[in-house]
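Q: Next comes query04.cif, mmCIF, N, CA and C atoms:
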data_upload
#
loop_
_atom_site.label_atom_id
_atom_site.label_comp_id
_atom_site.auth_asym_id
_atom_site.auth_seq_id
_atom_site.Cartn_x
_atom_site.Cartn_y
_atom_site.Cartn_z
N MET A 1 105.08 29.71 28.01
CA MET A 1 104.85 29.58 29.43
C MET A 1 105.75 30.57 30.17
N ILE A 2 105.18 31.26 31.12
CA ILE A 2 105.88 32.22 31.96
C ILE A 2 105.83 31.73 33.40
N THR A 3 106.91 31.91 34.13
CA THR A 3 106.90 31.62 35.56
C THR A 3 106.71 32.93 36.31
N VAL A 4 105.66 32.99 37.10
CA VAL A 4 105.38 34.18 37.91
C VAL A 4 106.09 34.00 39.24
N ASN A 5 107.08 34.83 39.51
CA ASN A 5 107.88 34.70 40.72
C ASN A 5 107.47 35.67 41.83
N GLN A 6 106.65 36.67 41.51
CA GLN A 6 106.28 37.68 42.50
C GLN A 6 105.38 37.09 43.58
N THR A 7 105.65 37.49 44.83
CA THR A 7 104.74 37.16 45.92
C THR A 7 103.77 38.31 46.08
N ALA A 8 102.69 38.07 46.82
CA ALA A 8 101.69 39.12 47.03
C ALA A 8 101.14 39.02 48.45
N LYS A 9 100.74 40.14 48.98
CA LYS A 9 100.15 40.17 50.33
C LYS A 9 98.64 40.01 50.28
N THR A 10 98.03 40.38 49.13
CA THR A 10 96.58 40.27 49.00
C THR A 10 96.23 39.44 47.77
N LEU A 11 95.02 38.90 47.77
CA LEU A 11 94.58 38.13 46.61
C LEU A 11 94.46 39.02 45.38
N ASP A 12 94.00 40.26 45.56
CA ASP A 12 93.88 41.17 44.42
C ASP A 12 95.22 41.40 43.75
N GLN A 13 96.26 41.65 44.56
CA GLN A 13 97.59 41.87 43.99
C GLN A 13 98.11 40.59 43.34
N GLY A 14 97.85 39.45 43.96
CA GLY A 14 98.28 38.17 43.38
C GLY A 14 97.62 37.90 42.05
N ILE A 15 96.34 38.24 41.93
CA ILE A 15 95.63 38.06 40.66
C ILE A 15 96.20 39.00 39.60
N LYS A 16 96.53 40.22 39.99
CA LYS A 16 97.15 41.15 39.04
C LYS A 16 98.50 40.62 38.56
N ASN A 17 99.29 40.05 39.47
CA ASN A 17 100.58 39.46 39.09
C ASN A 17 100.36 38.29 38.12
N MET A 18 99.37 37.44 38.42
CA MET A 18 99.08 36.29 37.56
C MET A 18 98.68 36.75 36.16
N MET A 19 97.81 37.75 36.07
CA MET A 19 97.34 38.21 34.78
C MET A 19 98.43 38.98 34.03
N ALA A 20 99.34 39.64 34.76
CA ALA A 20 100.49 40.28 34.10
C ALA A 20 101.38 39.21 33.47
N GLY A 21 101.57 38.09 34.17
CA GLY A 21 102.34 36.98 33.60
C GLY A 21 101.65 36.39 32.38
N ALA A 22 100.33 36.27 32.44
CA ALA A 22 99.57 35.75 31.29
C ALA A 22 99.69 36.70 30.10
N LYS A 23 99.64 38.00 30.37
CA LYS A 23 99.78 38.98 29.28
C LYS A 23 101.18 38.92 28.67
N GLN A 24 102.18 38.73 29.50
CA GLN A 24 103.55 38.60 29.00
C GLN A 24 103.68 37.36 28.12
N ASP A 25 103.05 36.27 28.52
CA ASP A 25 103.06 35.05 27.70
C ASP A 25 102.33 35.30 26.38
N TYR A 26 101.24 36.07 26.42
CA TYR A 26 100.50 36.41 25.21
C TYR A 26 101.37 37.22 24.26
N TYR A 27 102.16 38.15 24.81
CA TYR A 27 103.10 38.93 24.00
C TYR A 27 104.11 38.00 23.32
N PHE A 28 104.68 37.06 24.08
CA PHE A 28 105.64 36.12 23.51
C PHE A 28 104.99 35.25 22.43
N PHE A 29 103.72 34.90 22.62
CA PHE A 29 102.98 34.12 21.64
C PHE A 29 102.90 34.88 20.31
N HIS A 30 102.60 36.17 20.37
CA HIS A 30 102.45 36.97 19.15
C HIS A 30 103.77 37.40 18.53
N THR A 31 104.85 37.32 19.27
CA THR A 31 106.14 37.78 18.74
C THR A 31 107.14 36.64 18.55
N SER A 32 106.67 35.40 18.54
CA SER A 32 107.56 34.24 18.41
C SER A 32 108.69 34.32 19.44
N ASN A 33 108.29 34.45 20.70
CA ASN A 33 109.22 34.57 21.83
C ASN A 33 110.15 35.77 21.71
N GLY A 34 109.61 36.88 21.22
CA GLY A 34 110.36 38.12 21.14
C GLY A 34 111.23 38.26 19.91
N ARG A 35 111.14 37.34 18.96
CA ARG A 35 111.99 37.38 17.77
C ARG A 35 111.46 38.29 16.67
N LYS A 36 110.20 38.69 16.74
CA LYS A 36 109.67 39.59 15.72
C LYS A 36 108.84 40.67 16.40
N GLU A 37 108.60 41.74 15.67
CA GLU A 37 107.84 42.88 16.20
C GLU A 37 106.35 42.69 15.92
N ILE A 38 105.54 43.27 16.79
CA ILE A 38 104.10 43.31 16.55
C ILE A 38 103.82 44.56 15.72
N GLU A 39 103.15 44.38 14.61
CA GLU A 39 102.85 45.52 13.74
C GLU A 39 101.75 46.37 14.37
N PRO A 40 101.95 47.69 14.41
CA PRO A 40 100.93 48.58 14.96
C PRO A 40 99.61 48.42 14.21
N GLY A 41 98.52 48.32 14.97
CA GLY A 41 97.19 48.18 14.37
C GLY A 41 96.82 46.76 14.03
N SER A 42 97.75 45.80 14.20
CA SER A 42 97.45 44.41 13.90
C SER A 42 96.55 43.81 14.99
N TYR A 43 96.05 42.63 14.74
CA TYR A 43 95.20 41.93 15.71
C TYR A 43 95.93 41.74 17.04
N GLY A 44 97.17 41.29 16.99
CA GLY A 44 97.96 41.08 18.21
C GLY A 44 98.17 42.37 18.98
N ASP A 45 98.43 43.45 18.27
CA ASP A 45 98.63 44.76 18.90
C ASP A 45 97.35 45.20 19.61
N THR A 46 96.22 45.08 18.94
CA THR A 46 94.94 45.47 19.52
C THR A 46 94.60 44.61 20.74
N GLU A 47 94.81 43.30 20.62
CA GLU A 47 94.51 42.39 21.74
C GLU A 47 95.39 42.68 22.96
N LEU A 48 96.66 42.97 22.73
CA LEU A 48 97.55 43.29 23.85
C LEU A 48 97.12 44.59 24.54
N LYS A 49 96.73 45.57 23.77
CA LYS A 49 96.30 46.85 24.35
C LYS A 49 95.01 46.69 25.15
N ASN A 50 94.15 45.77 24.75
CA ASN A 50 92.86 45.58 25.42
C ASN A 50 92.86 44.41 26.41
N TYR A 51 94.01 43.84 26.69
CA TYR A 51 94.08 42.62 27.51
C TYR A 51 93.45 42.81 28.89
N GLU A 52 93.82 43.88 29.58
CA GLU A 52 93.30 44.10 30.94
C GLU A 52 91.80 44.38 30.93
N SER A 53 91.32 45.07 29.91
CA SER A 53 89.89 45.41 29.88
C SER A 53 89.02 44.18 29.63
N LYS A 54 89.60 43.10 29.14
CA LYS A 54 88.83 41.88 28.89
C LYS A 54 88.88 40.92 30.08
N THR A 55 89.52 41.33 31.16
CA THR A 55 89.62 40.49 32.35
C THR A 55 88.64 40.99 33.40
N LYS A 56 87.83 40.06 33.92
CA LYS A 56 86.88 40.37 34.98
C LYS A 56 87.17 39.47 36.17
N VAL A 57 87.14 40.05 37.35
CA VAL A 57 87.33 39.30 38.59
C VAL A 57 85.97 39.25 39.29
N MET A 58 85.46 38.04 39.50
CA MET A 58 84.12 37.86 40.05
C MET A 58 84.19 37.06 41.35
N PRO A 59 84.08 37.74 42.51
CA PRO A 59 84.15 37.03 43.79
C PRO A 59 82.91 36.17 44.03
N GLY A 60 83.13 35.01 44.62
CA GLY A 60 82.04 34.12 45.01
C GLY A 60 82.22 33.73 46.47
N LYS A 61 81.50 32.71 46.93
CA LYS A 61 81.59 32.28 48.33
C LYS A 61 82.95 31.68 48.67
N LYS A 62 83.37 30.68 47.89
CA LYS A 62 84.63 29.98 48.16
C LYS A 62 85.78 30.40 47.25
N TYR A 63 85.43 30.86 46.05
CA TYR A 63 86.44 31.13 45.03
C TYR A 63 86.26 32.51 44.42
N ILE A 64 87.33 33.00 43.85
CA ILE A 64 87.28 34.18 43.00
C ILE A 64 87.42 33.67 41.57
N LYS A 65 86.45 33.97 40.74
CA LYS A 65 86.48 33.53 39.35
C LYS A 65 87.14 34.61 38.52
N VAL A 66 88.16 34.25 37.76
CA VAL A 66 88.83 35.18 36.86
C VAL A 66 88.39 34.83 35.45
N VAL A 67 87.70 35.76 34.79
CA VAL A 67 87.16 35.55 33.45
C VAL A 67 87.96 36.38 32.46
N GLN A 68 88.39 35.75 31.39
CA GLN A 68 89.11 36.44 30.30
C GLN A 68 88.27 36.30 29.05
N ASN A 69 87.88 37.41 28.45
CA ASN A 69 86.95 37.44 27.33
C ASN A 69 85.63 36.83 27.78
N THR A 70 85.26 35.68 27.25
CA THR A 70 83.99 35.04 27.63
C THR A 70 84.19 33.68 28.28
N GLY A 71 85.42 33.35 28.65
CA GLY A 71 85.70 32.06 29.28
C GLY A 71 86.37 32.21 30.63
N VAL A 72 86.23 31.20 31.46
CA VAL A 72 86.85 31.23 32.77
C VAL A 72 88.34 30.95 32.62
N PHE A 73 89.17 31.85 33.12
CA PHE A 73 90.62 31.72 33.06
C PHE A 73 91.11 30.84 34.20
N ALA A 74 90.62 31.12 35.42
CA ALA A 74 91.05 30.37 36.60
C ALA A 74 90.11 30.67 37.76
N PHE A 75 90.18 29.83 38.78
CA PHE A 75 89.53 30.08 40.05
C PHE A 75 90.62 30.24 41.10
N ILE A 76 90.44 31.18 42.03
CA ILE A 76 91.39 31.41 43.11
C ILE A 76 90.66 31.11 44.42
N VAL A 77 91.27 30.29 45.27
CA VAL A 77 90.68 29.92 46.56
C VAL A 77 90.72 31.12 47.50
N LYS A 78 89.57 31.45 48.11
CA LYS A 78 89.48 32.62 49.00
C LYS A 78 89.96 32.31 50.43
N GLU A 79 89.65 31.14 50.95
CA GLU A 79 90.04 30.75 52.31
C GLU A 79 90.45 29.28 52.32
N ASP A 80 91.31 28.91 53.26
CA ASP A 80 91.75 27.51 53.38
C ASP A 80 90.54 26.58 53.56
N PHE A 81 90.56 25.45 52.85
CA PHE A 81 89.60 24.37 53.07
C PHE A 81 90.15 23.10 52.46
N LYS A 82 89.75 21.96 53.02
CA LYS A 82 90.25 20.65 52.60
C LYS A 82 91.78 20.71 52.43
N HIS A 83 92.27 20.34 51.26
CA HIS A 83 93.72 20.37 51.03
C HIS A 83 94.17 21.61 50.24
N PHE A 84 93.31 22.62 50.18
CA PHE A 84 93.64 23.85 49.46
C PHE A 84 93.95 24.98 50.44
N LYS A 85 94.85 25.86 50.02
CA LYS A 85 95.23 27.02 50.84
C LYS A 85 94.74 28.29 50.15
N LYS A 86 94.59 29.34 50.94
CA LYS A 86 94.19 30.64 50.41
C LYS A 86 95.17 31.05 49.30
N GLY A 87 94.62 31.44 48.14
CA GLY A 87 95.44 31.88 47.02
C GLY A 87 95.75 30.80 46.00
N ASP A 88 95.37 29.55 46.27
CA ASP A 88 95.64 28.48 45.30
C ASP A 88 94.92 28.75 43.98
N ILE A 89 95.59 28.46 42.88
CA ILE A 89 95.05 28.63 41.53
C ILE A 89 94.48 27.29 41.09
N LEU A 90 93.20 27.29 40.72
CA LEU A 90 92.54 26.07 40.26
C LEU A 90 92.10 26.24 38.81
N LYS A 91 92.30 25.19 38.03
CA LYS A 91 91.87 25.18 36.64
C LYS A 91 90.34 25.03 36.60
N PRO A 92 89.67 25.70 35.70
CA PRO A 92 88.22 25.56 35.64
C PRO A 92 87.79 24.19 35.11
N ALA A 93 86.77 23.62 35.74
CA ALA A 93 86.15 22.41 35.22
C ALA A 93 84.96 22.79 34.35
N GLY A 94 84.48 23.99 34.52
CA GLY A 94 83.35 24.53 33.77
C GLY A 94 83.17 25.98 34.18
N TRP A 95 82.03 26.55 33.78
CA TRP A 95 81.79 27.96 34.09
C TRP A 95 81.62 28.20 35.59
N ASN A 96 81.00 27.27 36.30
CA ASN A 96 80.66 27.51 37.70
C ASN A 96 81.53 26.78 38.71
N ALA A 97 82.43 25.93 38.28
CA ALA A 97 83.19 25.14 39.26
C ALA A 97 84.62 24.89 38.80
N PRO A 98 85.54 24.84 39.76
CA PRO A 98 86.93 24.52 39.43
C PRO A 98 87.19 23.02 39.46
N ALA A 99 88.29 22.62 38.86
CA ALA A 99 88.76 21.24 38.99
C ALA A 99 89.41 21.12 40.37
N LEU A 100 88.95 20.19 41.18
CA LEU A 100 89.40 20.09 42.56
C LEU A 100 90.46 19.02 42.77
N ASN A 101 91.16 18.62 41.71
CA ASN A 101 92.17 17.59 41.86
C ASN A 101 93.45 18.11 42.50
N SER A 102 93.95 19.27 42.09
CA SER A 102 95.20 19.79 42.63
C SER A 102 95.38 21.25 42.23
N PRO A 103 95.97 22.07 43.10
CA PRO A 103 96.23 23.46 42.71
C PRO A 103 97.35 23.54 41.68
N ARG A 104 97.30 24.57 40.85
CA ARG A 104 98.32 24.79 39.80
C ARG A 104 99.36 25.81 40.23
N GLY A 105 99.26 26.32 41.43
CA GLY A 105 100.16 27.33 41.96
C GLY A 105 99.43 28.13 43.02
N ASN A 106 100.05 29.17 43.54
CA ASN A 106 99.44 30.01 44.54
C ASN A 106 99.81 31.46 44.25
N VAL A 107 98.79 32.32 44.12
CA VAL A 107 99.04 33.71 43.76
C VAL A 107 99.73 34.48 44.88
N LEU A 108 99.66 34.01 46.12
CA LEU A 108 100.30 34.70 47.23
C LEU A 108 101.78 34.36 47.36
N THR A 109 102.14 33.10 47.10
CA THR A 109 103.53 32.67 47.27
C THR A 109 104.35 32.78 45.99
N GLY A 110 103.70 32.85 44.82
CA GLY A 110 104.41 32.98 43.56
C GLY A 110 105.11 31.69 43.14
N ASN A 111 106.02 31.81 42.18
CA ASN A 111 106.81 30.70 41.66
C ASN A 111 105.94 29.60 41.04
N TYR A 112 105.07 29.99 40.10
CA TYR A 112 104.20 29.04 39.40
C TYR A 112 104.18 29.39 37.91
N PRO A 113 103.98 28.40 37.05
CA PRO A 113 103.90 28.67 35.61
C PRO A 113 102.48 29.08 35.22
N ILE A 114 102.39 29.94 34.21
CA ILE A 114 101.08 30.36 33.68
C ILE A 114 101.23 30.58 32.18
N GLN A 115 100.15 30.35 31.46
CA GLN A 115 100.12 30.66 30.04
C GLN A 115 98.99 31.65 29.80
N TRP A 116 98.97 32.25 28.63
CA TRP A 116 97.91 33.20 28.32
C TRP A 116 96.57 32.51 28.22
N THR A 117 96.56 31.20 28.03
CA THR A 117 95.32 30.44 27.95
C THR A 117 94.81 30.00 29.31
N GLY A 118 95.63 30.15 30.35
CA GLY A 118 95.19 29.78 31.70
C GLY A 118 96.24 28.95 32.42
N PRO A 119 95.86 28.42 33.60
CA PRO A 119 96.80 27.57 34.34
C PRO A 119 97.12 26.31 33.55
N LEU A 120 98.27 25.75 33.81
CA LEU A 120 98.72 24.58 33.06
C LEU A 120 98.05 23.31 33.59
N TYR A 121 97.95 22.31 32.73
CA TYR A 121 97.47 20.99 33.14
C TYR A 121 98.52 20.34 34.03
N LEU A 122 98.08 19.40 34.82
CA LEU A 122 99.02 18.64 35.65
C LEU A 122 99.77 17.67 34.78
N LYS A 123 101.00 17.38 35.18
CA LYS A 123 101.82 16.42 34.42
C LYS A 123 101.67 15.04 35.01
#
Let me see the structure of the file written as structure tokens.
A:
Amino acid sequence: MITVNQTAKTLDQGIKNMMAGAKQDYYFFHTSNGRKEIEPGSYGDTELKNYESKTKVMPGKKYIKVVQNTGVFAFIVKEDFKHFKKGDILKPAGWNAPALNSPRGNVLTGNYPIQWTGPLYLK
């Protein structure tokens, strides 16, 4: 788990910060928290090099869907509504909708945990 501390002025920059944190967590996953090296040409090395190319940002009406490989990584709220604020990170409930129970952080304000697998579950 990585804590993303960077703030952002735009949703695009906030999403880039979030995915950079996820990539850093992925690096720690493959290196046992930095205790071993990634062998050149290995699966982990290839996946790290291609990490950004496997991320797609798909804007919708209310949310921005962030897709990693073939699964939804997270939804980002585009504008304030109900109890959500612009930039809130929502865990996916499925391909087309987020879980609306509680935000997992905010890409604009920073200071939220993220894993390479996506936003964390609520405790």
Q: Sorted by chain and rising residue number, which residues of region 34-100 of chain A lie within 12 Å of region 109-123 of chain A, and what are their closest atom pairs and distances in Å to one decimal, counting only C-alpha atoms, as a Markdown table?
A:
| residue | atom | partner | partner_atom | distance |
| --- | --- | --- | --- | --- |
| A:Glu47 | CA | A:Trp116 | CA | 11.8 |
| A:Leu48 | CA | A:Trp116 | CA | 11.0 |
| A:Tyr51 | CA | A:Trp116 | CA | 10.2 |
| A:Thr55 | CA | A:Trp116 | CA | 11.8 |
| A:Val66 | CA | A:Gly118 | CA | 9.8 |
| A:Val67 | CA | A:Gly118 | CA | 10.0 |
| A:Gln68 | CA | A:Thr117 | CA | 8.9 |
| A:Asn69 | CA | A:Thr117 | CA | 10.9 |
| A:Gly71 | CA | A:Thr117 | CA | 9.8 |
| A:Val72 | CA | A:Gly118 | CA | 8.5 |
| A:Phe73 | CA | A:Gly118 | CA | 5.1 |
| A:Ala74 | CA | A:Gly118 | CA | 6.4 |
| A:Phe75 | CA | A:Pro119 | CA | 9.6 |
| A:Ile76 | CA | A:Pro119 | CA | 11.0 |
| A:Lys85 | CA | A:Thr109 | CA | 10.7 |
| A:Lys86 | CA | A:Thr109 | CA | 10.1 |
| A:Gly87 | CA | A:Thr109 | CA | 8.1 |
| A:Asp88 | CA | A:Thr109 | CA | 9.1 |
| A:Ile89 | CA | A:Pro119 | CA | 7.5 |
| A:Leu90 | CA | A:Pro119 | CA | 7.4 |
| A:Lys91 | CA | A:Pro119 | CA | 5.9 |
| A:Pro92 | CA | A:Pro119 | CA | 8.9 |
| A:Ala93 | CA | A:Tyr121 | CA | 11.6 |
| A:Pro98 | CA | A:Pro119 | CA | 11.5 |
| A:Ala99 | CA | A:Tyr121 | CA | 10.5 |
| A:Leu100 | CA | A:Leu122 | CA | 11.9 |
Q: Fewer than 5 positions away in the same chain doesn't count, so skip those; otherwise give me all residues within 8 Å of Gln13 (chain A), counting all atoms listed in the file, as number ranges by chain.
A: A: 7-8, 18-19, 107-108
Q: Can you tell me, as a list in words, what residues are no more than 8 Å from Lys61 (chain A) when counting only N, CA and C atoms, ignoring any on the same chain fewer than 4 positions away?
A: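 The neighbour list is Val77, Lys78 and Glu79 of chain A.
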Q: List every residue of chain A that DSSP, applied to the backbone of this structure, assigns to alpha helix (DSSP H), and report them as a PyMOL selection string.
A: chain A and resi 11-30+43-49
Q: One decimal, in Å: what's the spacing between atom N of Gln24 (chain A) and atom N of Asp80 (chain A)?
A: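 If I compute the distance from atom N of Gln24 (chain A) to atom N of Asp80 (chain A), I get 27.9 Å.
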Q: One number please: CA of Gly41 (chain A) to atom C of Tyr26 (chain A), in Å, one decimal.
A: 15.3 Å
Q: Check the smallest atom-to-atom distance from each of A:Ser53, A:Ser102, A:Thr46, A:Thr31 to His83 (chain A) using only N, CA and C atoms, then report the winner.
A: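 Among A:Ser53, A:Ser102, A:Thr46, A:Thr31, it is A:Ser102 that comes nearest to His83 (chain A).
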Q: What is the distance between CA of Ala22 (chain A) and CA of Ile2 (chain A), in Å to one decimal?
A: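 Between CA of Ala22 (chain A) and CA of Ile2 (chain A) the gap works out to 7.3 Å.
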Q: Go through A:Ile15, A:Pro40, A:Arg35, A:Arg104 one by one, measure the shortest atom-to-atom distance of each to Met58 (chain A) using only C-alpha atoms, and give the residue with the smallest value.
A: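 The shortest atom-to-atom distance to Met58 (chain A) comes from A:Ile15.
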Q: Using only N, CA and C atoms, which residue out of A:Asn101, A:Tyr27, A:Pro59, A:Thr70 lies closest to Gly44 (chain A)?
A: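 Nearest candidate to Gly44 (chain A) out of A:Asn101, A:Tyr27, A:Pro59, A:Thr70: A:Tyr27.
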Q: Using only C-alpha atoms, can you tell me which of A:Asp12, A:Gly94, A:Glu37, A:Met1 comes closest to Asp25 (chain A)?
A: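 The answer is A:Met1, which sits nearest to Asp25 (chain A).
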